[in-house]
Amino acid sequence: MATRMVSTESWQLKNETCRSSVDLDLFLHYSLLPSVAIIMVLSCLEKRARGHQVDERFPLLNRRCGTVIPLDFVGAFDNRWSLGFAFGATANKVMIMFSEGDFLLYVPQWAQAFVLLIGAFEVGLSSYPFFACLSTCFQITGATLGFLYTGFWLVIMVMHIVQCPHGQIIGHYEKIMFYWPSLLCLVFLLSRFVHIFVKTLWIRFRLHLLNEETSFLEVHQAQYVQQLLRKPPLQQSQKSWIQRKVYDWDPYFRFPTRMISMAVLATICLYIFVVIEYYVYSLVLRTLKTLEENFEMLIASNSTSKVVVSGVQHGKELIGITEGVWVVTTFTSCLICVSYVFHILACYRKHMKRLWAGEKQFLPLGFSKLSSSQSVAAIARYSGWQIAYILWGQLVIHTVQCLFGVMFMYSFVLPIKKGQGIEMVKTLGTGMKVFHNFNYFLFFYNVLLGLGACLFRLLCSVIVGAWLIARIDRTIMPKGYEAADMGFRTWIGMLFMDHYHTNPTLVCFCHILVVRNRERQQQQQQQQQRTTNYYHFSNVADFRVLNKARTRWLLLYTLLNNPSLSALRKPQ
């Protein structure tokens with residue numbers, strides 16, 4: 001015991017004297033400079049959808065300096081896992097922002113919200129290059145800049161961990177335990193940028209493939225529509241136990257980027273949250289151990305009564321039971337919350353396929369139709385709310401499980417361990433006989449029993465609500481009061497938004513209209529080339545021709561063919 005205390009004090013003293021030369025808080029501020037530079041470079045390469053008067057004054061711009069979009073939360077299916085790991089790489093930055101929360105004590109209360117908003121904007125701007133470099137159409141430039149920026153962050157974090165790997169709370173390798181998910185995400189992003197760079201160069205210099213026009217119709221959406229048009233097979237294939245009970249993979253369905261990012265970030269945030277919870281648990285346990293040692297010294301002084309000695313023994317017993325139950329329930333609550341993440345993905349697929357088929361019976365009556373504003377607001381806040389629900393749900397589930405675990409230990413395990421199991425069973429049997437007699441003699445006073453049933457109903461509601469607090473895909477409110485559950489309303493609004501924008505049948509129909517319209521325009525241009533020598537005046541493919549000049553040439557051509565229109569024009 002003494003050796004352990006000496007070793008503990010040694011690494012604590014060593015960590016207190018350890019000062020890392022890399023300050024992540026300061027580096028987060030400095031990282032804004034390369035982040036803004038990368039955003040400006042990508043913006044200069046990006047083209048705007050429409051021209052502007054500036055393009056007429058500066059033709060070399062050619063509609064450049066467009067808006068850089070980091071990712072599409074509505075209907076994007078590309079780079080799903082890469083963007084998910086990019087969110088995972090930002091988890092440590094969020095924790096850095098929260099670690100600087102002490103200075104809020106010196107800020108006026110009216111300004112705290114603005115300070116937090118500025119901090120969130122700083123973290124978002126620092127992480128912006130991860131997403132922008134993955135989503136840009138200029139893949140070589142994006143891969144190069146993303147690789148440099150990601151490698152810069154990886155080197156800084158490794159230096160910060162290697163110089164001072166231990167901590168004052170958990171002890172050995174504390175920072176490795178805290179930062180390894182973000183390091184793993186950064187390594188994945190580095191490999192992803194290398195893959196994008198090599199793949200793009202191979203296509204351009206070896207295969208000489210031309211860039212084809214992008215289509216908003218995904219392959220799996222087209223396959224889903226084709227599968228609807230086929231005749232169903234006469235004999236259905238037998239599904240395995242995993243497909244029937246756990247998960248059945250559907251080749252015609254893909255989760256959007258938003259759901260994959262939510263799942264990855266929720267899992268990483270859950271891990272960080274459990275580590276922080278273990279920090280607090282270690283501090284409380286250390287305080288209780290110190291109190292226990294003081295009580296033992298008090299008992300050893302032989303100046304205490306038997307009541308105090310008994311109370312100290314019961315206190316030590318409670319500390320030992322609580323410690324064991326807390327550790328066990330940590331694993332069970334984490335397992336439940338992780339299973340909730342995958343269950344939410346399964347429920348999302350099930351609900352979306354029902355909406356695609358026109359089935360809305362699973363929705364409450366008040367949610368069959370939602371306004372577009374509610375759907376847009378729901379899809380904007382869904383990911384953040386879902387992660388917050390999972391984190392708070394883990395804390396609530398862990399606390400409830402710990403309380404019931406301590407009750408179970410005192411009610412069943414300890415009596416059996418002390419050899420009082422038979423007496424406990426006899427007590428339960430006597431209690432059941434007394435209950436039946438009590439129920440018979442107080443038949444006309446069932447108000448008291450109704451009160452007990454009411455309390456039991458309340459207890460069951462609390463337990464079920466605490467157990468399902470992390471589930472945003474189902475309401476914990478009774479029927480008719482689902483609208484009071486803001487989380488469930490967010491889930492339904494997000495489903496309708498995805499249903500409106502990613503319905504394979506609707507997207508396929510719009511794709512057919514766009515393709516036919518494009519073919520019709522090409523046919524008209526070809527016909528115009530064969531019938532007139534002035535077809536190049538209406539050629540909209542050359543964006544360098546000024547709109548005003550093109551309009552004047554068309555006006556001149558019209559007036560030459562129709563001289564009578566000159567008298568009808570305005571004098572100026």
# chains A, B, ... in the order shown; residues from 1 in each chain; ligands from 1
$ select_by_dssp --residues "segment 334-369 of chain A" --states "helix (DSSP H, G or I)" --output "PyMOL selection string"
chain A and resi 334-356+365-367
$ write_last_selection --atoms "N, CA and C atoms" --output "PDB file, in the first residue's frame"
ATOM      1  N   CYS A 334     -23.188   2.390 -21.115  1.00  0.00           N
ATOM      2  CA  CYS A 334     -22.525   2.687 -22.390  1.00  0.00           C
ATOM      3  C   CYS A 334     -22.981   1.724 -23.474  1.00  0.00           C
ATOM      4  N   LEU A 335     -23.124   0.458 -23.131  1.00  0.00           N
ATOM      5  CA  LEU A 335     -23.586  -0.523 -24.112  1.00  0.00           C
ATOM      6  C   LEU A 335     -24.992  -0.194 -24.590  1.00  0.00           C
ATOM      7  N   ILE A 336     -25.851   0.245 -23.674  1.00  0.00           N
ATOM      8  CA  ILE A 336     -27.220   0.610 -24.049  1.00  0.00           C
ATOM      9  C   ILE A 336     -27.220   1.815 -24.985  1.00  0.00           C
ATOM     10  N   CYS A 337     -26.429   2.849 -24.668  1.00  0.00           N
ATOM     11  CA  CYS A 337     -26.417   4.053 -25.495  1.00  0.00           C
ATOM     12  C   CYS A 337     -25.810   3.786 -26.872  1.00  0.00           C
ATOM     13  N   VAL A 338     -24.764   2.959 -26.937  1.00  0.00           N
ATOM     14  CA  VAL A 338     -24.191   2.612 -28.241  1.00  0.00           C
ATOM     15  C   VAL A 338     -25.199   1.817 -29.072  1.00  0.00           C
ATOM     16  N   SER A 339     -25.910   0.890 -28.412  1.00  0.00           N
ATOM     17  CA  SER A 339     -26.954   0.150 -29.134  1.00  0.00           C
ATOM     18  C   SER A 339     -28.073   1.074 -29.589  1.00  0.00           C
ATOM     19  N   TYR A 340     -28.349   2.140 -28.830  1.00  0.00           N
ATOM     20  CA  TYR A 340     -29.349   3.121 -29.248  1.00  0.00           C
ATOM     21  C   TYR A 340     -28.932   3.820 -30.536  1.00  0.00           C
ATOM     22  N   VAL A 341     -27.627   4.116 -30.678  1.00  0.00           N
ATOM     23  CA  VAL A 341     -27.142   4.789 -31.897  1.00  0.00           C
ATOM     24  C   VAL A 341     -27.441   3.939 -33.123  1.00  0.00           C
ATOM     25  N   PHE A 342     -27.123   2.646 -33.053  1.00  0.00           N
ATOM     26  CA  PHE A 342     -27.390   1.761 -34.197  1.00  0.00           C
ATOM     27  C   PHE A 342     -28.885   1.504 -34.370  1.00  0.00           C
ATOM     28  N   HIS A 343     -29.613   1.473 -33.264  1.00  0.00           N
ATOM     29  CA  HIS A 343     -31.061   1.268 -33.375  1.00  0.00           C
ATOM     30  C   HIS A 343     -31.739   2.474 -34.016  1.00  0.00           C
ATOM     31  N   ILE A 344     -31.218   3.668 -33.759  1.00  0.00           N
ATOM     32  CA  ILE A 344     -31.768   4.875 -34.386  1.00  0.00           C
ATOM     33  C   ILE A 344     -31.553   4.829 -35.892  1.00  0.00           C
ATOM     34  N   LEU A 345     -30.386   4.343 -36.329  1.00  0.00           N
ATOM     35  CA  LEU A 345     -30.148   4.199 -37.765  1.00  0.00           C
ATOM     36  C   LEU A 345     -31.116   3.198 -38.387  1.00  0.00           C
ATOM     37  N   ALA A 346     -31.358   2.084 -37.683  1.00  0.00           N
ATOM     38  CA  ALA A 346     -32.304   1.098 -38.202  1.00  0.00           C
ATOM     39  C   ALA A 346     -33.723   1.666 -38.264  1.00  0.00           C
ATOM     40  N   CYS A 347     -34.115   2.430 -37.238  1.00  0.00           N
ATOM     41  CA  CYS A 347     -35.451   3.050 -37.247  1.00  0.00           C
ATOM     42  C   CYS A 347     -35.563   4.098 -38.337  1.00  0.00           C
ATOM     43  N   TYR A 348     -34.478   4.817 -38.605  1.00  0.00           N
ATOM     44  CA  TYR A 348     -34.503   5.809 -39.686  1.00  0.00           C
ATOM     45  C   TYR A 348     -34.772   5.135 -41.031  1.00  0.00           C
ATOM     46  N   ARG A 349     -34.080   4.031 -41.299  1.00  0.00           N
ATOM     47  CA  ARG A 349     -34.306   3.323 -42.552  1.00  0.00           C
ATOM     48  C   ARG A 349     -35.730   2.787 -42.639  1.00  0.00           C
ATOM     49  N   LYS A 350     -36.225   2.213 -41.541  1.00  0.00           N
ATOM     50  CA  LYS A 350     -37.573   1.665 -41.534  1.00  0.00           C
ATOM     51  C   LYS A 350     -38.616   2.747 -41.763  1.00  0.00           C
ATOM     52  N   HIS A 351     -38.474   3.890 -41.096  1.00  0.00           N
ATOM     53  CA  HIS A 351     -39.450   4.967 -41.247  1.00  0.00           C
ATOM     54  C   HIS A 351     -39.389   5.593 -42.640  1.00  0.00           C
ATOM     55  N   MET A 352     -38.179   5.770 -43.178  1.00  0.00           N
ATOM     56  CA  MET A 352     -38.060   6.362 -44.504  1.00  0.00           C
ATOM     57  C   MET A 352     -38.673   5.459 -45.567  1.00  0.00           C
ATOM     58  N   LYS A 353     -38.466   4.165 -45.481  1.00  0.00           N
ATOM     59  CA  LYS A 353     -39.045   3.255 -46.469  1.00  0.00           C
ATOM     60  C   LYS A 353     -40.559   3.217 -46.360  1.00  0.00           C
ATOM     61  N   ARG A 354     -41.094   3.396 -45.156  1.00  0.00           N
ATOM     62  CA  ARG A 354     -42.552   3.478 -45.009  1.00  0.00           C
ATOM     63  C   ARG A 354     -43.093   4.751 -45.648  1.00  0.00           C
ATOM     64  N   LEU A 355     -42.385   5.862 -45.453  1.00  0.00           N
ATOM     65  CA  LEU A 355     -42.833   7.109 -46.083  1.00  0.00           C
ATOM     66  C   LEU A 355     -42.725   7.029 -47.601  1.00  0.00           C
ATOM     67  N   TRP A 356     -41.695   6.402 -48.124  1.00  0.00           N
ATOM     68  CA  TRP A 356     -41.574   6.236 -49.574  1.00  0.00           C
ATOM     69  C   TRP A 356     -42.721   5.404 -50.139  1.00  0.00           C
ATOM     70  N   LEU A 365     -51.451  11.316 -35.014  1.00  0.00           N
ATOM     71  CA  LEU A 365     -52.414  12.034 -35.845  1.00  0.00           C
ATOM     72  C   LEU A 365     -51.987  13.465 -36.111  1.00  0.00           C
ATOM     73  N   GLY A 366     -51.376  14.101 -35.146  1.00  0.00           N
ATOM     74  CA  GLY A 366     -50.982  15.490 -35.323  1.00  0.00           C
ATOM     75  C   GLY A 366     -49.724  15.690 -36.139  1.00  0.00           C
ATOM     76  N   PHE A 367     -49.068  14.596 -36.554  1.00  0.00           N
ATOM     77  CA  PHE A 367     -47.800  14.699 -37.275  1.00  0.00           C
ATOM     78  C   PHE A 367     -47.890  14.186 -38.706  1.00  0.00           C
TER      79      PHE A 367
END
$ residues_around --residues "Phe121 of chain A" --least-positions-apart "2" --cutoff "12 Å" --atoms "only C-alpha atoms" --output "list in words"
Leu28, His29, Leu32, Lys93, Val94, Met97, Phe114, Val115, Leu116, Leu117, Ile118, Gly119, Val123, Gly124, Leu125, Ser126, Ser127 and Tyr128 of chain A
$ closest_atom_pairs --of "segment 468-523 of chain A" --to "segment 236-257 of chain A" --cutoff "12 Å" --atoms "only C-alpha atoms" --output "CSV"
residue,atom,partner,partner_atom,distance
A:Met494,CA,A:Pro256,CA,11.9
A:Leu495,CA,A:Pro256,CA,11.7
A:Asp498,CA,A:Pro256,CA,9.0
A:His499,CA,A:Pro256,CA,11.8
A:His501,CA,A:Pro256,CA,11.3
A:Thr502,CA,A:Pro256,CA,9.1
A:Asn503,CA,A:Phe253,CA,10.8
A:Pro504,CA,A:Phe253,CA,9.6
$ atom_distance --atom1 "atom CA of Glu323 of chain A" --atom2 "atom CA of Leu285 of chain A"
7.9 Å
$ atom_distance --atom1 "atom CA of Val68 of chain A" --atom2 "atom CA of Ser43 of chain A"
5.6 Å
$ residues_around --residues "His511 of chain A" --least-positions-apart "4" --cutoff "7 Å" --atoms "only C-alpha atoms" --output "PyMOL selection string"
chain A and resi 217+507+515
$ closest_residue --among "A:Leu270, A:Ile379, A:Leu459, A:Met157" --to "Asp23 of chain A" --atoms "only C-alpha atoms"
A:Met157
$ atom_distance --atom1 "atom CA of Met159 of chain A" --atom2 "atom CA of Val22 of chain A"
7.0 Å
